[in-house]
Amino acid sequence: MSTQYKGEGLLLVIAASSGTGKSTVCQELLTQSSRCQLSVSYTTRPPRNNEKDGEHYHFVSKETFEGMIERQEFLEWAKVHDNYYGTSRLATEQAMAQGRDILLDIDVQGARQIRELHGKNSILIFLLPPSWDVMVQRLRGRGTESEERIQRRLKTAREEIPTATDFDYIVENDDLTETVKTIQAICRSERHSASRMGSQLQSFLTQIPPLS
Ligand code: 5GP
């Protein structure tokens with residue numbers, strides 16, 4: 001990652017339909033970049049076997065979550081497959097102010113909210129599976145889902161994938177190494193967009209002596 005950029009961190013949103021390999025891509029991005037930090041979401045869904053509270057999610061009750069919605073403590077939130085999921089506003093803003101990039105592994109509804117409310121600060125990437133068949137195979141290959149849940153996820157995918165054109169970038173996740181490299185390249189060039197380099201430009205301009 002570039003060492004020249006000194007401004008606020010980026011809000012990097014990665015969305016994809018189930019079976020695209022999004023979690024693996026996010027894990028790899030985090031492993032490879034020390035300035036990148038995963039936003040730990042709040043959810044009302046129960047933890048799966050290997051999941052730890054505070055690490056994979058903050059697991060909370062429906063009442064707690066609804067209280068947080070009322071107090072506007074979420075940067076975005078959505079109901080996904082009957083459960084609430086949301087991103088903490090405070091944790092995200094604090095980390096970005098420290099110059100850290102925040103990775104949001106969220107669904108398409110959440111990505112849309114980020115676009116509307118924080119468009120200037122965010123980069124939205126839609127991960128596309130290499131093909132529909134590969135996506136279905138990956139979903140079935142997990143072996144953790146009932147046929148009914150698989151069908152529900154496929155229905156959601158049919159609705160989500162056409163919305164990829166609303167994102168800033170579409171990256172096909174065929175080869176993990178290539179996918180991660182492409183996302184890193186996107187972040188590097190976004191950091192150097194004229195709007196993000198504004199304060200650095202200003203500080204340079206103050207060094208120019210007046211004409212005598
Ligand atoms: P899972 O229950 O499989 O962990 O996640 C289901 C879906 O919810 C995934 O697409 C995941 O990216 C999404 N998700 C996780 N956290 C959040 C969040 O904070 N906000 C939104 N909008 N979606 C989330």
# chains A, B, ... in the order shown; residues from 1 in each chain; ligands from 1

$ closest_atom_pairs --of "chain A" --to "ligand 1" --cutoff "9 Å" --atoms "only C-alpha atoms and all ligand atoms" --output "Markdown table"
| residue | atom | partner | partner_atom_place_in_ligand_line | distance |
| --- | --- | --- | --- | --- |
| A:Ile14 | CA | ligand 1 | 12 (O) | 8.0 |
| A:Ala15 | CA | ligand 1 | 12 (O) | 6.4 |
| A:Ala16 | CA | ligand 1 | 10 (O) | 6.7 |
| A:Ser17 | CA | ligand 1 | 10 (O) | 6.5 |
| A:Ser18 | CA | ligand 1 | 10 (O) | 6.4 |
| A:Lys22 | CA | ligand 1 | 12 (O) | 7.9 |
| A:Ser23 | CA | ligand 1 | 12 (O) | 8.0 |
| A:Ser39 | CA | ligand 1 | 19 (O) | 7.9 |
| A:Val40 | CA | ligand 1 | 19 (O) | 7.4 |
| A:Ser41 | CA | ligand 1 | 19 (O) | 4.3 |
| A:Tyr42 | CA | ligand 1 | 19 (O) | 6.0 |
| A:Thr43 | CA | ligand 1 | 16 (N) | 7.1 |
| A:Arg45 | CA | ligand 1 | 2 (O) | 6.9 |
| A:Pro46 | CA | ligand 1 | 2 (O) | 8.8 |
| A:Pro47 | CA | ligand 1 | 2 (O) | 8.8 |
| A:Arg48 | CA | ligand 1 | 4 (O) | 8.8 |
| A:His56 | CA | ligand 1 | 4 (O) | 8.3 |
| A:Tyr57 | CA | ligand 1 | 16 (N) | 7.7 |
| A:Phe74 | CA | ligand 1 | 19 (O) | 8.6 |
| A:Leu75 | CA | ligand 1 | 19 (O) | 8.7 |
| A:Glu76 | CA | ligand 1 | 20 (N) | 6.4 |
| A:Trp77 | CA | ligand 1 | 22 (N) | 4.9 |
| A:Ala78 | CA | ligand 1 | 22 (N) | 4.5 |
| A:Lys79 | CA | ligand 1 | 22 (N) | 7.2 |
| A:Val80 | CA | ligand 1 | 8 (O) | 5.7 |
| A:His81 | CA | ligand 1 | 6 (C) | 7.3 |
| A:Asn83 | CA | ligand 1 | 2 (O) | 8.0 |
| A:Tyr84 | CA | ligand 1 | 20 (N) | 7.9 |
| A:Tyr85 | CA | ligand 1 | 18 (C) | 4.3 |
| A:Gly86 | CA | ligand 1 | 19 (O) | 3.4 |
| A:Thr87 | CA | ligand 1 | 19 (O) | 4.1 |
| A:Ser88 | CA | ligand 1 | 19 (O) | 7.7 |
| A:Leu104 | CA | ligand 1 | 19 (O) | 7.3 |
| A:Asp105 | CA | ligand 1 | 12 (O) | 4.6 |
| A:Ile106 | CA | ligand 1 | 12 (O) | 3.5 |
| A:Asp107 | CA | ligand 1 | 23 (N) | 4.1 |
| A:Val108 | CA | ligand 1 | 22 (N) | 6.8 |
| A:Gln109 | CA | ligand 1 | 22 (N) | 5.7 |
| A:Gly110 | CA | ligand 1 | 22 (N) | 3.5 |
| A:Ala111 | CA | ligand 1 | 22 (N) | 6.7 |
| A:Arg112 | CA | ligand 1 | 22 (N) | 8.8 |
| A:Gln113 | CA | ligand 1 | 22 (N) | 8.4 |

$ select_by_dssp --residues "chain A" --states "strand (DSSP E or B)" --output "NGL selection string"
:A and (11-15 or 36-38 or 42-43 or 53 or 57-59 or 74-80 or 83-88 or 101-105 or 122-128 or 169-172)

$ residues_around --residues "Phe65 of chain A" --least-positions-apart "2" --cutoff "8 Å" --atoms "only C-alpha atoms" --output "ChimeraX atom specification"
/A:42-44,60-63,67-69,84

$ write_last_selection --atoms "all heavy atoms" --output "mmCIF file, in the first residue's frame"
data_model
loop_
_atom_site.group_PDB
_atom_site.id
_atom_site.type_symbol
_atom_site.label_atom_id
_atom_site.label_comp_id
_atom_site.auth_asym_id
_atom_site.auth_seq_id
_atom_site.Cartn_x
_atom_site.Cartn_y
_atom_site.Cartn_z
ATOM 1 N N TYR A 42 -22.643 -5.418 14.112
ATOM 2 C CA TYR A 42 -23.591 -5.906 15.110
ATOM 3 C C TYR A 42 -24.616 -6.753 14.380
ATOM 4 O O TYR A 42 -24.991 -6.442 13.244
ATOM 5 C CB TYR A 42 -24.296 -4.726 15.788
ATOM 6 C CG TYR A 42 -23.417 -4.015 16.780
ATOM 7 C CD1 TYR A 42 -22.415 -3.155 16.339
ATOM 8 C CD2 TYR A 42 -23.565 -4.227 18.149
ATOM 9 C CE1 TYR A 42 -21.586 -2.521 17.243
ATOM 10 C CE2 TYR A 42 -22.734 -3.586 19.063
ATOM 11 C CZ TYR A 42 -21.748 -2.735 18.603
ATOM 12 O OH TYR A 42 -20.929 -2.116 19.499
ATOM 13 N N THR A 43 -25.046 -7.829 14.999
ATOM 14 C CA THR A 43 -26.099 -8.639 14.388
ATOM 15 C C THR A 43 -26.991 -9.280 15.445
ATOM 16 O O THR A 43 -26.559 -9.509 16.576
ATOM 17 C CB THR A 43 -25.530 -9.750 13.476
ATOM 18 O OG1 THR A 43 -26.615 -10.426 12.828
ATOM 19 C CG2 THR A 43 -24.707 -10.771 14.245
ATOM 20 N N THR A 44 -28.231 -9.573 15.010
ATOM 21 C CA THR A 44 -29.155 -10.279 15.902
ATOM 22 C C THR A 44 -29.174 -11.769 15.593
ATOM 23 O O THR A 44 -29.892 -12.518 16.245
ATOM 24 C CB THR A 44 -30.586 -9.732 15.744
ATOM 25 O OG1 THR A 44 -30.981 -9.861 14.372
ATOM 26 C CG2 THR A 44 -30.669 -8.275 16.158
ATOM 27 N N VAL A 60 -26.041 -9.313 19.447
ATOM 28 C CA VAL A 60 -26.928 -8.596 20.367
ATOM 29 C C VAL A 60 -28.383 -9.022 20.156
ATOM 30 O O VAL A 60 -28.725 -9.625 19.129
ATOM 31 C CB VAL A 60 -26.815 -7.053 20.184
ATOM 32 C CG1 VAL A 60 -25.439 -6.536 20.558
ATOM 33 C CG2 VAL A 60 -27.169 -6.633 18.755
ATOM 34 N N SER A 61 -29.224 -8.678 21.125
ATOM 35 C CA SER A 61 -30.649 -9.013 21.001
ATOM 36 C C SER A 61 -31.324 -8.025 20.039
ATOM 37 O O SER A 61 -30.778 -6.951 19.751
ATOM 38 C CB SER A 61 -31.322 -8.924 22.370
ATOM 39 O OG SER A 61 -31.331 -7.565 22.767
ATOM 40 N N LYS A 62 -32.539 -8.407 19.616
ATOM 41 C CA LYS A 62 -33.311 -7.541 18.725
ATOM 42 C C LYS A 62 -33.595 -6.189 19.415
ATOM 43 O O LYS A 62 -33.489 -5.141 18.795
ATOM 44 C CB LYS A 62 -34.635 -8.261 18.406
ATOM 45 C CG LYS A 62 -35.427 -7.669 17.308
ATOM 46 C CD LYS A 62 -36.469 -8.687 16.809
ATOM 47 C CE LYS A 62 -37.461 -8.027 15.894
ATOM 48 N NZ LYS A 62 -38.721 -7.649 16.538
ATOM 49 N N GLU A 63 -33.884 -6.252 20.739
ATOM 50 C CA GLU A 63 -34.205 -5.019 21.468
ATOM 51 C C GLU A 63 -32.993 -4.090 21.487
ATOM 52 O O GLU A 63 -33.108 -2.882 21.287
ATOM 53 C CB GLU A 63 -34.612 -5.327 22.925
ATOM 54 C CG GLU A 63 -35.939 -6.051 23.066
ATOM 55 C CD GLU A 63 -35.908 -7.489 22.521
ATOM 56 O OE1 GLU A 63 -34.854 -8.165 22.641
ATOM 57 O OE2 GLU A 63 -36.929 -7.914 21.946
ATOM 58 N N GLY A 67 -32.736 -0.388 19.717
ATOM 59 C CA GLY A 67 -32.349 0.794 20.506
ATOM 60 C C GLY A 67 -31.217 1.542 19.811
ATOM 61 O O GLY A 67 -31.199 2.776 19.752
ATOM 62 N N MET A 68 -30.279 0.782 19.267
ATOM 63 C CA MET A 68 -29.145 1.409 18.567
ATOM 64 C C MET A 68 -29.613 2.127 17.296
ATOM 65 O O MET A 68 -29.093 3.179 16.949
ATOM 66 C CB MET A 68 -28.081 0.356 18.229
ATOM 67 C CG MET A 68 -27.394 -0.195 19.473
ATOM 68 S SD MET A 68 -26.214 -1.498 19.089
ATOM 69 C CE MET A 68 -24.832 -0.543 18.464
ATOM 70 N N ILE A 69 -30.614 1.539 16.621
ATOM 71 C CA ILE A 69 -31.156 2.212 15.416
ATOM 72 C C ILE A 69 -31.744 3.562 15.842
ATOM 73 O O ILE A 69 -31.468 4.593 15.242
ATOM 74 C CB ILE A 69 -32.263 1.368 14.739
ATOM 75 C CG1 ILE A 69 -31.705 0.056 14.194
ATOM 76 C CG2 ILE A 69 -32.929 2.167 13.599
ATOM 77 C CD1 ILE A 69 -32.766 -0.880 13.603
ATOM 78 N N TYR A 84 -31.095 -8.704 11.711
ATOM 79 C CA TYR A 84 -30.537 -7.363 11.561
ATOM 80 C C TYR A 84 -29.016 -7.435 11.514
ATOM 81 O O TYR A 84 -28.404 -8.236 12.237
ATOM 82 C CB TYR A 84 -30.891 -6.516 12.785
ATOM 83 C CG TYR A 84 -32.290 -5.969 12.845
ATOM 84 C CD1 TYR A 84 -33.093 -6.231 13.946
ATOM 85 C CD2 TYR A 84 -32.775 -5.135 11.843
ATOM 86 C CE1 TYR A 84 -34.370 -5.695 14.049
ATOM 87 C CE2 TYR A 84 -34.053 -4.598 11.937
ATOM 88 C CZ TYR A 84 -34.848 -4.880 13.034
ATOM 89 O OH TYR A 84 -36.098 -4.348 13.133
#

$ select_by_dssp --residues "segment 39-167 of chain A" --states "helix (DSSP H, G or I)" --output "ChimeraX atom specification"
/A:62-70,89-97,108-121,132-141,147-166

$ write_last_selection --atoms "C-alpha atoms" --output "tab-separated table (two decimals), in the first residue's frame"
chain	number	residue	atom	x	y	z
A	62	LYS	CA	-33.31	-7.54	18.72
A	63	GLU	CA	-34.21	-5.02	21.47
A	64	THR	CA	-30.60	-3.85	21.80
A	65	PHE	CA	-30.28	-3.52	18.03
A	66	GLU	CA	-33.51	-1.54	17.71
A	67	GLY	CA	-32.35	0.79	20.51
A	68	MET	CA	-29.14	1.41	18.57
A	69	ILE	CA	-31.16	2.21	15.42
A	70	GLU	CA	-33.19	4.76	17.39
A	89	ARG	CA	-20.81	4.66	13.36
A	90	LEU	CA	-18.45	5.54	16.23
A	91	ALA	CA	-15.95	2.69	15.73
A	92	THR	CA	-15.76	3.39	12.00
A	93	GLU	CA	-15.33	7.13	12.25
A	94	GLN	CA	-12.68	6.89	14.97
A	95	ALA	CA	-10.59	4.42	12.98
A	96	MET	CA	-10.83	6.48	9.78
A	97	ALA	CA	-9.78	9.64	11.61
A	108	VAL	CA	-25.99	-4.82	-1.11
A	109	GLN	CA	-28.65	-2.87	0.87
A	110	GLY	CA	-25.98	-1.64	3.28
A	111	ALA	CA	-23.69	-0.70	0.39
A	112	ARG	CA	-26.51	1.38	-1.09
A	113	GLN	CA	-26.93	3.29	2.19
A	114	ILE	CA	-23.20	3.98	2.35
A	115	ARG	CA	-23.37	5.28	-1.22
A	116	GLU	CA	-26.20	7.66	-0.35
A	117	LEU	CA	-24.87	8.93	2.96
A	118	HIS	CA	-21.09	8.66	2.66
A	119	GLY	CA	-20.50	8.56	-1.09
A	120	LYS	CA	-17.56	10.95	-1.00
A	121	ASN	CA	-15.57	8.92	1.53
A	132	TRP	CA	-23.46	-18.55	-12.01
A	133	ASP	CA	-22.68	-22.29	-11.92
A	134	VAL	CA	-19.51	-21.79	-9.90
A	135	MET	CA	-21.46	-19.65	-7.43
A	136	VAL	CA	-24.14	-22.33	-7.02
A	137	GLN	CA	-21.47	-25.01	-6.58
A	138	ARG	CA	-19.70	-22.95	-3.88
A	139	LEU	CA	-22.99	-22.42	-2.06
A	140	ARG	CA	-23.79	-26.12	-2.08
A	141	GLY	CA	-20.18	-27.08	-1.34
A	147	GLU	CA	-31.87	-26.62	0.40
A	148	GLU	CA	-34.47	-24.05	1.41
A	149	ARG	CA	-31.79	-21.59	2.58
A	150	ILE	CA	-29.74	-22.19	-0.59
A	151	GLN	CA	-32.79	-21.40	-2.72
A	152	ARG	CA	-33.38	-18.23	-0.70
A	153	ARG	CA	-29.77	-17.10	-1.21
A	154	LEU	CA	-30.03	-17.80	-4.95
A	155	LYS	CA	-33.19	-15.73	-5.17
A	156	THR	CA	-31.40	-12.85	-3.40
A	157	ALA	CA	-28.44	-13.25	-5.79
A	158	ARG	CA	-30.75	-12.92	-8.81
A	159	GLU	CA	-31.89	-9.58	-7.43
A	160	GLU	CA	-28.48	-8.35	-6.23
A	161	ILE	CA	-26.18	-9.09	-9.17
A	162	PRO	CA	-27.93	-6.75	-11.65
A	163	THR	CA	-27.39	-3.87	-9.15
A	164	ALA	CA	-23.60	-4.21	-9.53
A	165	THR	CA	-23.68	-1.31	-12.01
A	166	ASP	CA	-24.47	1.04	-9.08

$ residues_around --residues "Val180 of chain A" --least-positions-apart "2" --cutoff "8 Å" --atoms "only C-alpha atoms" --output "list in words"
Val25, Glu28, Leu29, Leu176, Thr177, Glu178, Thr182, Ile183 and Gln184 of chain A

$ atom_distance --atom1 "atom CA of Thr179 of chain A" --atom2 "atom CA of Leu127 of chain A"
8.9 Å

$ residues_around --residues "Cys187 of chain A" --least-positions-apart "4" --cutoff "9 Å" --atoms "only C-alpha atoms" --output "list in words"
Met1, Leu10, Leu12, Ile123, Thr182, Ile183, Arg191 and His192 of chain A

$ atom_distance --atom1 "atom CA of Asn173 of chain A" --atom2 "atom CA of Glu145 of chain A"
21.9 Å

$ closest_residue --among "A:Gly21, A:Gly143, A:Gly9, A:Gly54" --to "Gly99 of chain A" --atoms "only C-alpha atoms"
A:Gly9

$ decode --residues "segment 76-92 of chain A" --atoms "N, CA, C and O atoms" --output "mmCIF file, in the first residue's frame"
data_model
loop_
_atom_site.group_PDB
_atom_site.id
_atom_site.type_symbol
_atom_site.label_atom_id
_atom_site.label_comp_id
_atom_site.auth_asym_id
_atom_site.auth_seq_id
_atom_site.Cartn_x
_atom_site.Cartn_y
_atom_site.Cartn_z
ATOM 1 N N GLU A 76 -24.809 2.357 8.829
ATOM 2 C CA GLU A 76 -25.818 1.743 7.962
ATOM 3 C C GLU A 76 -26.300 0.503 8.674
ATOM 4 O O GLU A 76 -25.596 -0.042 9.512
ATOM 5 N N TRP A 77 -27.495 0.073 8.345
ATOM 6 C CA TRP A 77 -27.972 -1.207 8.860
ATOM 7 C C TRP A 77 -28.953 -1.794 7.871
ATOM 8 O O TRP A 77 -29.503 -1.078 7.022
ATOM 9 N N ALA A 78 -29.175 -3.107 7.960
ATOM 10 C CA ALA A 78 -30.107 -3.760 7.033
ATOM 11 C C ALA A 78 -30.638 -5.031 7.667
ATOM 12 O O ALA A 78 -30.048 -5.574 8.613
ATOM 13 N N LYS A 79 -31.767 -5.485 7.134
ATOM 14 C CA LYS A 79 -32.305 -6.779 7.545
ATOM 15 C C LYS A 79 -31.935 -7.752 6.438
ATOM 16 O O LYS A 79 -32.298 -7.538 5.276
ATOM 17 N N VAL A 80 -31.127 -8.739 6.770
ATOM 18 C CA VAL A 80 -30.670 -9.702 5.761
ATOM 19 C C VAL A 80 -31.123 -11.084 6.203
ATOM 20 O O VAL A 80 -30.786 -11.518 7.309
ATOM 21 N N HIS A 81 -31.863 -11.779 5.337
ATOM 22 C CA HIS A 81 -32.353 -13.117 5.665
ATOM 23 C C HIS A 81 -32.935 -13.175 7.079
ATOM 24 O O HIS A 81 -32.541 -13.996 7.905
ATOM 25 N N ASP A 82 -33.827 -12.228 7.387
ATOM 26 C CA ASP A 82 -34.569 -12.183 8.658
ATOM 27 C C ASP A 82 -33.787 -11.741 9.892
ATOM 28 O O ASP A 82 -34.316 -11.779 10.998
ATOM 29 N N ASN A 83 -32.538 -11.373 9.749
ATOM 30 C CA ASN A 83 -31.799 -10.868 10.904
ATOM 31 C C ASN A 83 -31.289 -9.462 10.621
ATOM 32 O O ASN A 83 -31.066 -9.102 9.475
ATOM 33 N N TYR A 84 -31.095 -8.704 11.711
ATOM 34 C CA TYR A 84 -30.537 -7.363 11.561
ATOM 35 C C TYR A 84 -29.016 -7.435 11.514
ATOM 36 O O TYR A 84 -28.404 -8.236 12.237
ATOM 37 N N TYR A 85 -28.422 -6.553 10.711
ATOM 38 C CA TYR A 85 -26.963 -6.400 10.664
ATOM 39 C C TYR A 85 -26.669 -4.905 10.586
ATOM 40 O O TYR A 85 -27.356 -4.195 9.848
ATOM 41 N N GLY A 86 -25.659 -4.433 11.296
ATOM 42 C CA GLY A 86 -25.354 -3.001 11.215
ATOM 43 C C GLY A 86 -23.900 -2.689 11.515
ATOM 44 O O GLY A 86 -23.207 -3.437 12.213
ATOM 45 N N THR A 87 -23.461 -1.539 10.983
ATOM 46 C CA THR A 87 -22.073 -1.084 11.156
ATOM 47 C C THR A 87 -22.029 0.059 12.161
ATOM 48 O O THR A 87 -22.771 1.042 12.002
ATOM 49 N N SER A 88 -21.179 -0.065 13.173
ATOM 50 C CA SER A 88 -21.093 0.972 14.206
ATOM 51 C C SER A 88 -20.521 2.264 13.635
ATOM 52 O O SER A 88 -19.461 2.271 13.019
ATOM 53 N N ARG A 89 -21.256 3.355 13.865
ATOM 54 C CA ARG A 89 -20.805 4.655 13.364
ATOM 55 C C ARG A 89 -19.532 5.107 14.098
ATOM 56 O O ARG A 89 -18.547 5.498 13.475
ATOM 57 N N LEU A 90 -19.553 4.997 15.428
ATOM 58 C CA LEU A 90 -18.446 5.537 16.229
ATOM 59 C C LEU A 90 -17.128 4.812 15.911
ATOM 60 O O LEU A 90 -16.110 5.451 15.633
ATOM 61 N N ALA A 91 -17.178 3.469 15.940
ATOM 62 C CA ALA A 91 -15.948 2.695 15.729
ATOM 63 C C ALA A 91 -15.355 3.012 14.356
ATOM 64 O O ALA A 91 -14.146 3.178 14.206
ATOM 65 N N THR A 92 -16.233 3.143 13.359
ATOM 66 C CA THR A 92 -15.762 3.389 11.998
ATOM 67 C C THR A 92 -15.135 4.768 11.877
ATOM 68 O O THR A 92 -14.041 4.923 11.326
#
